[in-house]
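What's in my_file13.txt: compact mmCIF, C-alpha atoms
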# COMPACT_ATOMS: atom_id res chain seq x y z
CA MET A 1 21.33 -7.08 28.43
CA ALA A 2 23.33 -5.34 31.13
CA HIS A 3 26.81 -4.31 30.19
CA ASP A 4 28.39 -6.22 33.02
CA ASP A 5 26.74 -9.51 32.06
CA ALA A 6 29.24 -10.26 29.33
CA ALA A 7 31.53 -12.36 31.53
CA GLY A 8 28.62 -14.40 32.84
CA LEU A 9 27.18 -14.97 29.39
CA LEU A 10 30.55 -16.08 28.05
CA ARG A 11 31.01 -18.49 30.96
CA SER A 12 27.55 -19.96 30.44
CA ALA A 13 28.03 -20.25 26.71
CA ALA A 14 31.37 -21.97 27.30
CA ALA A 15 29.47 -24.49 29.42
CA GLY A 16 27.12 -25.13 26.51
CA ASP A 17 24.23 -22.81 27.40
CA GLN A 18 22.54 -22.07 24.08
CA GLY A 19 20.40 -19.30 25.58
CA ALA A 20 23.49 -17.44 26.79
CA TRP A 21 25.11 -17.84 23.38
CA ASP A 22 21.97 -16.60 21.63
CA ALA A 23 22.02 -13.53 23.86
CA ILE A 24 25.61 -12.80 22.86
CA VAL A 25 24.71 -13.19 19.18
CA ALA A 26 21.67 -10.95 19.59
CA ARG A 27 23.79 -8.26 21.18
CA TYR A 28 26.72 -8.25 18.78
CA ALA A 29 25.46 -9.58 15.44
CA ALA A 30 24.78 -6.08 14.12
CA LEU A 31 28.29 -4.97 15.05
CA VAL A 32 29.95 -7.91 13.31
CA TRP A 33 27.75 -7.44 10.23
CA THR A 34 28.41 -3.70 10.13
CA VAL A 35 32.18 -4.18 10.39
CA ALA A 36 32.09 -6.67 7.52
CA ARG A 37 29.92 -4.45 5.35
CA GLY A 38 32.15 -1.49 6.12
CA PHE A 39 34.75 -3.20 3.99
CA ARG A 40 32.31 -2.97 1.09
CA LEU A 41 31.69 -6.67 1.01
CA SER A 42 28.70 -8.18 -0.71
CA ALA A 43 26.04 -9.78 1.46
CA ALA A 44 27.45 -13.23 0.67
CA ASP A 45 30.99 -12.23 1.61
CA ALA A 46 29.82 -10.40 4.72
CA ALA A 47 27.93 -13.55 5.69
CA ASP A 48 31.14 -15.59 5.37
CA VAL A 49 33.08 -13.04 7.42
CA SER A 50 30.35 -13.03 10.06
CA GLN A 51 30.30 -16.81 10.21
CA ALA A 52 34.08 -17.00 10.44
CA THR A 53 34.01 -14.46 13.29
CA TRP A 54 31.39 -16.32 15.31
CA LEU A 55 33.16 -19.64 14.79
CA ARG A 56 36.37 -18.05 16.05
CA LEU A 57 34.56 -16.93 19.20
CA VAL A 58 33.21 -20.44 19.76
CA GLU A 59 36.75 -21.73 19.37
CA ARG A 60 38.12 -19.22 21.86
CA LEU A 61 35.19 -19.09 24.26
CA ASP A 62 37.40 -19.95 27.22
CA GLN A 63 40.09 -17.50 26.20
CA VAL A 64 38.45 -14.11 25.82
CA ARG A 65 40.75 -12.16 28.12
CA ASP A 66 38.50 -9.17 28.69
CA PRO A 67 34.79 -10.05 28.49
CA GLU A 68 33.86 -6.42 28.88
CA ALA A 69 35.68 -5.71 25.61
CA LEU A 70 33.95 -8.51 23.70
CA GLY A 71 32.70 -5.99 21.17
CA ALA A 72 36.25 -4.89 20.39
CA TRP A 73 37.36 -8.54 20.22
CA LEU A 74 34.64 -9.35 17.72
CA ALA A 75 35.33 -6.19 15.71
CA THR A 76 39.06 -7.00 15.52
CA THR A 77 38.31 -10.55 14.44
CA ALA A 78 35.81 -9.45 11.81
CA ARG A 79 38.30 -6.91 10.50
CA ARG A 80 41.00 -9.55 10.14
CA GLU A 81 38.68 -11.94 8.33
CA ALA A 82 37.41 -9.18 6.06
CA LEU A 83 40.93 -8.07 5.12
CA ASN A 84 41.91 -11.65 4.32
CA LEU A 85 38.86 -12.07 2.18
CA LEU A 86 39.63 -8.84 0.33
CA ARG A 87 43.19 -9.97 -0.31
CA LYS A 88 41.88 -13.22 -1.69
CA ARG A 89 39.12 -11.66 -3.79
CA ARG A 90 41.13 -8.94 -5.40
CA ASP A 91 44.26 -10.95 -5.81
CA LEU A 92 46.22 -7.82 -4.90
CA PRO A 93 49.33 -7.30 -2.82
CA VAL A 94 48.44 -6.65 0.79
CA ALA A 95 49.62 -3.05 0.69
CA GLU A 96 47.21 -2.14 -2.07
CA VAL A 97 44.15 -3.02 -0.07
CA ASP A 98 43.48 0.34 1.49
CA VAL A 99 40.17 0.39 3.22
CA ASN A 100 40.78 3.79 4.74
CA THR A 101 40.37 5.92 1.63
CA ASP A 102 37.59 8.44 1.39
CA GLY A 103 35.48 7.18 -1.45
CA GLY A 104 33.00 10.02 -1.24
CA ALA A 105 29.38 10.15 -2.19
CA GLU A 106 30.01 8.98 -5.75
CA ASP A 107 31.16 5.65 -4.39
CA GLU A 108 27.64 4.26 -4.48
CA GLN A 109 28.91 1.31 -6.46
CA ALA A 110 31.45 0.37 -3.84
CA ALA A 111 29.10 0.31 -0.89
CA PRO A 112 26.72 -2.64 -1.37
CA TRP A 113 25.23 -2.22 2.08
CA ARG A 114 23.44 0.89 1.01
CA ARG A 115 19.99 0.01 -0.07
CA LEU A 116 17.44 2.47 -1.25
CA VAL A 117 15.59 3.67 1.79
CA THR A 118 11.94 4.38 1.18
CA ALA A 119 11.17 8.07 0.85
CA ASP A 120 8.85 8.26 3.81
CA ARG A 121 11.51 7.09 6.23
CA ASP A 122 13.58 10.15 7.08
CA ASN A 123 14.63 10.69 3.48
CA GLU A 124 16.31 13.98 4.24
CA LEU A 125 18.56 12.45 6.85
CA TRP A 126 19.37 9.60 4.47
CA GLN A 127 20.22 11.97 1.62
CA ALA A 128 22.45 14.00 3.90
CA PHE A 129 24.11 10.91 5.35
CA THR A 130 24.98 9.46 1.95
CA ARG A 131 26.63 12.73 0.99
CA LEU A 132 29.07 12.53 3.85
CA PRO A 133 32.60 11.35 3.02
CA ALA A 134 32.78 7.55 3.06
CA ARG A 135 34.98 7.69 6.14
CA CYS A 136 32.37 9.61 8.14
CA GLN A 137 29.65 7.22 7.03
CA GLU A 138 31.70 4.26 8.17
CA ILE A 139 32.48 5.78 11.55
CA LEU A 140 28.90 6.82 12.22
CA ARG A 141 27.59 3.42 11.15
CA LEU A 142 29.80 1.82 13.78
CA LEU A 143 29.06 4.35 16.50
CA VAL A 144 25.27 4.10 16.31
CA ILE A 145 25.34 0.41 17.15
CA ASP A 146 24.06 -0.21 20.61
CA PRO A 147 26.56 -1.97 22.87
CA ALA A 148 27.98 0.44 25.40
CA GLU A 149 31.51 -0.31 24.32
CA SER A 150 30.86 0.78 20.73
CA TYR A 151 33.79 3.20 20.82
CA ALA A 152 36.21 0.41 21.61
CA ALA A 153 34.65 -1.78 18.96
CA ALA A 154 34.66 1.01 16.36
CA ALA A 155 38.32 1.76 17.10
CA ALA A 156 39.14 -1.94 16.68
CA ALA A 157 37.18 -2.18 13.45
CA LEU A 158 38.85 0.87 11.94
CA ALA A 159 42.27 0.26 13.52
CA VAL A 160 42.42 3.83 14.82
CA PRO A 161 43.19 5.13 18.30
CA ILE A 162 40.06 5.16 20.44
CA GLY A 163 40.81 8.75 21.43
CA SER A 164 40.42 9.92 17.85
CA LEU A 165 36.81 8.82 17.64
CA GLY A 166 35.22 11.48 19.84
CA PRO A 167 36.53 14.42 17.79
CA THR A 168 35.88 12.58 14.52
CA ARG A 169 32.33 11.80 15.57
CA SER A 170 31.73 15.48 16.42
CA ARG A 171 33.19 16.57 13.13
CA CYS A 172 31.10 14.08 11.13
CA LEU A 173 27.91 15.03 12.94
CA ALA A 174 28.69 18.70 12.34
CA SER A 175 29.05 17.94 8.64
CA LEU A 176 25.79 16.02 8.73
CA ARG A 177 24.04 18.96 10.37
CA GLU A 178 25.49 21.31 7.80
CA LEU A 179 24.12 19.16 4.99
CA LEU A 180 20.71 19.05 6.67
CA ARG A 181 20.81 22.82 7.15
CA SER A 182 21.52 23.28 3.44
CA TYR A 183 18.42 21.22 2.63
CA ALA A 184 16.37 23.30 5.05
CA THR A 185 17.36 26.56 3.40
CA GLU A 186 16.68 25.09 -0.04
CA GLY A 187 13.17 24.50 1.24
CA MET B 1 13.96 21.41 10.42
CA ARG B 2 14.09 19.33 13.51
CA ALA B 3 17.40 17.59 12.83
CA VAL B 4 19.31 20.85 12.57
CA THR B 5 18.81 21.49 16.25
CA ASP B 6 19.04 17.84 17.37
CA SER B 7 21.73 17.12 19.89
CA ASP B 8 24.48 14.75 18.77
CA ASP B 9 22.84 11.90 20.66
CA ALA B 10 19.41 12.59 19.21
CA LEU B 11 20.86 12.72 15.71
CA LEU B 12 22.63 9.42 16.27
CA THR B 13 19.39 7.85 17.50
CA ARG B 14 17.61 8.90 14.33
CA LEU B 15 20.54 7.64 12.28
CA ASP B 16 20.48 4.36 14.17
CA ARG B 17 16.89 3.71 13.19
CA LEU B 18 17.58 4.65 9.60
CA LEU B 19 20.65 2.45 9.27
CA ALA B 20 19.04 -0.52 10.99
CA ASP B 21 16.45 -0.44 8.23
CA ALA B 22 18.99 0.07 5.47
CA ASP B 23 21.13 -2.96 6.16
CA PRO B 24 19.71 -5.34 8.75
CA VAL B 25 21.54 -8.54 9.60
CA PRO B 26 20.01 -11.27 7.40
CA ASP B 27 18.04 -13.94 9.29
CA ALA B 28 20.22 -16.68 7.81
CA VAL B 29 23.33 -14.99 9.19
CA LEU B 30 21.75 -14.78 12.64
CA ALA B 31 20.65 -18.40 12.52
CA ALA B 32 24.10 -19.57 11.43
CA ALA B 33 25.71 -17.55 14.22
CA ARG B 34 23.42 -19.12 16.82
CA ALA B 35 24.07 -22.59 15.44
CA SER B 36 27.84 -22.10 15.76
CA LEU B 37 27.77 -23.15 19.40
CA GLY B 38 26.99 -26.67 18.25
CA TRP B 39 30.61 -27.12 17.20
CA ARG B 40 31.71 -26.75 20.78
CA ALA B 41 29.61 -29.65 21.99
CA LEU B 42 30.98 -31.75 19.16
CA ASP B 43 34.55 -30.88 20.05
CA ALA B 44 33.99 -31.71 23.69
CA GLU B 45 32.95 -35.20 22.61
CA LEU B 46 35.87 -35.68 20.24
CA ASP B 47 38.53 -34.46 22.65
CA VAL B 48 40.65 -33.04 19.86
CA GLU B 49 43.71 -30.90 20.15
CA LEU B 50 43.55 -27.54 18.40
CA ALA B 51 46.03 -27.00 15.58
CA ARG B 52 46.78 -23.30 15.20
CA LEU B 53 47.34 -21.54 11.90
CA VAL B 54 51.05 -20.69 11.98
CA ALA B 55 51.54 -19.64 8.37
CA ASP B 56 49.25 -18.32 5.67
CA SER B 57 50.63 -17.29 2.29
CA LEU B 58 47.71 -14.92 1.85
CA VAL B 59 48.95 -12.85 4.78
CA SER B 60 52.69 -13.29 4.57
CA SER B 61 53.23 -12.96 0.87
CA GLY B 62 53.89 -9.44 -0.36
CA ASP B 63 52.53 -10.22 -3.79
CA VAL B 64 49.85 -12.77 -4.41
CA ARG B 65 49.06 -11.51 -7.88
CA GLY B 66 48.98 -14.46 -10.21
CA ALA B 67 49.54 -16.99 -7.45
CA ALA B 68 46.63 -19.37 -7.63
CA ALA B 69 47.30 -21.50 -4.57
CA ARG B 70 47.10 -20.48 -0.95
CA LEU B 71 49.42 -22.31 1.44
CA LEU B 72 48.39 -22.87 5.03
CA SER B 73 50.28 -24.49 7.89
CA PHE B 74 48.55 -25.68 11.05
CA GLU B 75 50.50 -26.86 14.09
CA ALA B 76 49.54 -28.84 17.16
CA GLY B 77 52.53 -29.98 19.15
CA GLU B 78 54.62 -32.16 16.88
CA LEU B 79 52.02 -32.56 14.20
CA THR B 80 51.81 -30.12 11.30
CA LEU B 81 49.16 -30.08 8.64
CA GLU B 82 50.26 -28.41 5.42
CA VAL B 83 47.35 -27.48 3.22
CA GLU B 84 47.45 -26.08 -0.30
CA VAL B 85 44.19 -24.52 -1.44
CA SER B 86 43.60 -23.95 -5.16
CA PRO B 87 40.53 -22.31 -6.68
CA VAL B 88 38.65 -24.36 -9.27
CA GLY B 89 36.01 -22.02 -10.58
CA THR B 90 34.08 -20.93 -7.50
CA ARG B 91 35.09 -24.07 -5.57
CA LEU B 92 38.31 -25.35 -4.12
CA ARG B 93 40.78 -28.20 -4.48
CA ILE B 94 42.84 -29.18 -1.46
CA VAL B 95 46.19 -30.93 -1.51
CA GLY B 96 47.60 -31.65 1.89
CA GLN B 97 50.45 -33.20 3.81
CA VAL B 98 50.64 -34.54 7.35
CA VAL B 99 54.01 -33.88 8.94
CA PRO B 100 55.81 -35.98 10.13
CA PRO B 101 54.55 -38.17 7.31
CA ARG B 102 52.15 -40.89 8.43
CA PRO B 103 48.86 -42.39 7.34
CA ALA B 104 45.83 -40.63 8.74
CA SER B 105 42.17 -39.95 8.28
CA VAL B 106 41.51 -36.33 7.34
CA ARG B 107 38.09 -34.78 7.40
CA ALA B 108 37.18 -31.34 6.06
CA GLU B 109 34.31 -29.77 8.02
CA GLN B 110 32.22 -26.76 7.11
CA PRO B 111 29.19 -25.17 8.77
CA GLY B 112 26.10 -26.35 6.99
CA GLY B 113 28.07 -29.07 5.19
CA THR B 114 28.21 -32.79 5.82
CA GLY B 115 31.99 -33.03 5.85
CA ILE B 116 34.34 -34.85 3.51
CA ARG B 117 36.64 -37.60 4.77
CA VAL B 118 39.74 -38.72 2.89
CA ALA B 119 42.68 -40.92 3.70
CA ALA B 120 46.23 -39.61 3.95
CA ASP B 121 48.63 -42.22 2.53
CA GLU B 122 51.74 -43.66 4.17
CA LEU B 123 53.56 -40.45 3.29
CA GLY B 124 50.84 -38.35 4.86
CA ARG B 125 49.58 -37.01 1.53
CA PHE B 126 45.91 -36.38 0.89
CA THR B 127 43.68 -34.67 -1.65
CA ILE B 128 40.19 -33.28 -1.50
CA GLY B 129 39.23 -32.75 -5.09
CA ASP B 130 36.21 -30.55 -4.63
CA LEU B 131 35.06 -28.39 -1.76
CA PRO B 132 32.87 -25.29 -1.56
CA ALA B 133 34.53 -22.06 -0.44
CA GLY B 134 33.70 -20.87 3.08
CA PRO B 135 34.74 -21.38 6.70
CA THR B 136 36.57 -24.71 6.90
CA ARG B 137 38.51 -26.77 9.35
CA PHE B 138 40.38 -30.05 9.07
CA VAL B 139 40.25 -32.88 11.57
CA CYS B 140 43.21 -35.22 11.34
CA ALA B 141 43.28 -38.57 13.11
CA PRO B 142 46.52 -40.52 12.69
CA ALA B 143 45.80 -44.08 11.56
CA GLU B 144 48.29 -45.65 13.92
CA GLY B 145 47.41 -45.97 17.58
CA ASP B 146 49.52 -43.12 18.93
CA GLY B 147 48.65 -39.48 18.42
CA ALA B 148 45.46 -37.78 19.50
CA PRO B 149 43.20 -36.41 16.79
CA VAL B 150 43.97 -32.86 15.85
CA CYS B 151 41.56 -30.21 14.64
CA THR B 152 42.64 -27.07 12.86
CA GLU B 153 41.37 -23.58 13.59
CA TRP B 154 38.46 -22.44 11.48
CA THR B 155 39.83 -20.75 8.38
CA LEU B 156 37.83 -18.86 5.78
CA LEU B 157 38.83 -20.48 2.50
Let me see the structure of the file written as structure tokens.
Amino acid sequence: MAHDDAAGLLRSAAAGDQGAWDAIVARYAALVWTVARGFRLSAADAADVSQATWLRLVERLDQVRDPEALGAWLATTARREALNLLRKRRDLPVAEVDVNTDGGAEDEQAAPWRRLVTADRDNELWQAFTRLPARCQEILRLLVIDPAESYAAAAAALAVPIGSLGPTRSRCLASLRELLRSYATEG
Amino acid sequence: MRAVTDSDDALLTRLDRLLADADPVPDAVLAAARASLGWRALDAELDVELARLVADSLVSSGDVRGAAARLLSFEAGELTLEVEVSPVGTRLRIVGQVVPPRPASVRAEQPGGTGIRVAADELGRFTIGDLPAGPTRFVCAPAEGDGAPVCTEWTLL
């Protein structure tokens, strides 16, 4: 789907065109899911957050101010729903819910989205990736997603300035390369 | 090893493939997302006014520890729907109030659910004893002639 089709798709969907809506879902479902899972939600909770996000878009279909930034809109919405769900689940004061901490590689327990990847599928890259700080993993997970505006969406999901993402991405990829290099020398 | 000399973009491409396998969007989530558009057609038929969430104790309260009930306020013009949501095991109990007080028909709607309709009494009070958790909205139609039906925003209960 061409980047500049977003406005047209939203208009058609607003007029009831299921095909246009399906195209929007196809394009952004991975982003919404990834944002939800980035908050370390179970599949069931991430499904609720996803559903809440899509329903919000249906509700506001006429009111998306910047169709070209639909990814960022969806990411912001998913973030809000995820934070609310976390507040509810943990029964904690708002301030204690800090999703920006670096859990680190030992945080396997806290990241339900990580499934065991079969050994014959780029195992080395997977091993290296899972050894990155949790923050790097989260940022890279958001930046690999396809839509062209993934930087805007990632910034919205993480609530960080968009300008910080380029340097962070470089730093995280450098760390990833370093980890891969260490595997290479280990043989 | 190949990846050591991969450009940033090439590395991200490999990562993309890896991560897409690790945590794909479940089919049920995709199907539910696609089906969401159906609510728009329904709303066009009903000609309801949207009641916005203007207060949510989950967001505004500094300390929800120990507080079992969540208080929501939805507003559409002069009509306010106050909704208190209490957990009962994994499900919910709803106690609500139509303001200004008046009899009304209140329906709780959820994706994938059939909806539950209850009556608000002459003081605008209503109760929904049992509801699954999940995205929910309330449609309120005043019993008396005046007043258009009002439909709250979707809220993840």
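Here atom CA of Leu30 of chain B stands at a distance of 15.7 Å from atom CA of Pro135 of chain B.
For the choices A:Arg135, A:Arg177, A:Arg60, A:Arg79, the atom-to-atom distance to chain B is smallest for A:Arg177 when using all atoms listed in the file.
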Hey, can you pull every residue with an atom no more than 12 Å from (22.2, 14.3, 6.8), using only C-alpha atoms, and send it as a ChimeraX atom specification? /A:122-133,136-137,140,172-184 /B:1-4,6,11-12,14-15,18
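Considering the residues A:Ala159, A:Arg65, A:Lys88, A:Thr185 and counting only C-alpha atoms, Val85 of chain B has its shortest atom-to-atom contact with A:Lys88.
Here atom CA of Leu157 of chain B is placed at a distance of 5.4 Å from atom CA of Ala133 of chain B.
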Counting all atoms listed in the file, which of B:Asp9, B:Asp121, B:Glu153, B:Pro111 gets nearest to Leu37 of chain B? B:Pro111
In Å, how far is it from atom CA of Val99 of chain B to atom CA of Asp47 of chain B? 20.7 Å
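Each of A:Arg89, A:Arg40, A:Arg56, A:Arg27 was compared to chain B using all atoms listed in the file, and A:Arg56 turns out to be the nearest.
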Taking (44.4, -36.2, 1.1) as a centre in this file's frame and 7 Å as the limit, can you find every polymer residue with an atom that close, using only C-alpha atoms, and give them as a PyMOL selection string? chain B and resi 95-96+106+118-120+125-128
Selected residues written out with C-alpha atoms, as a compact mmCIF listing (two decimals), keeping the file's coordinate frame:
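Result written to selection08.txt:
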# COMPACT_ATOMS: atom_id res chain seq x y z
CA VAL B 95 46.19 -30.93 -1.51
CA GLY B 96 47.60 -31.65 1.89
CA VAL B 106 41.51 -36.33 7.34
CA VAL B 118 39.74 -38.72 2.89
CA ALA B 119 42.68 -40.92 3.70
CA ALA B 120 46.23 -39.61 3.95
CA ARG B 125 49.58 -37.01 1.53
CA PHE B 126 45.91 -36.38 0.89
CA THR B 127 43.68 -34.67 -1.65
CA ILE B 128 40.19 -33.28 -1.50
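Using all atoms listed in the file, the smallest distance between any of B:Ser86, B:Thr114, B:Ser73, B:Thr80 and chain A comes from B:Ser86.
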Rank nothing, just name the residue among A:Asn84, A:Ser42, A:Ser164, A:Gln63 nearest to chain B, using only C-alpha atoms. A:Asn84
Polymer residues at most 8 Å from Glu109 of chain B, all atoms listed in the file, same-chain spacing of 4 or more positions, as number ranges by chain: B: 113-116, 136-139
Taking 2 positions as the minimum chain separation for residues in the same chain, which residues sit within 10 Å of Asp16 of chain B when counting only C-alpha atoms? Answer as a PyMOL selection string. (chain A and resi 140-146) or (chain B and resi 10-14+18-22)
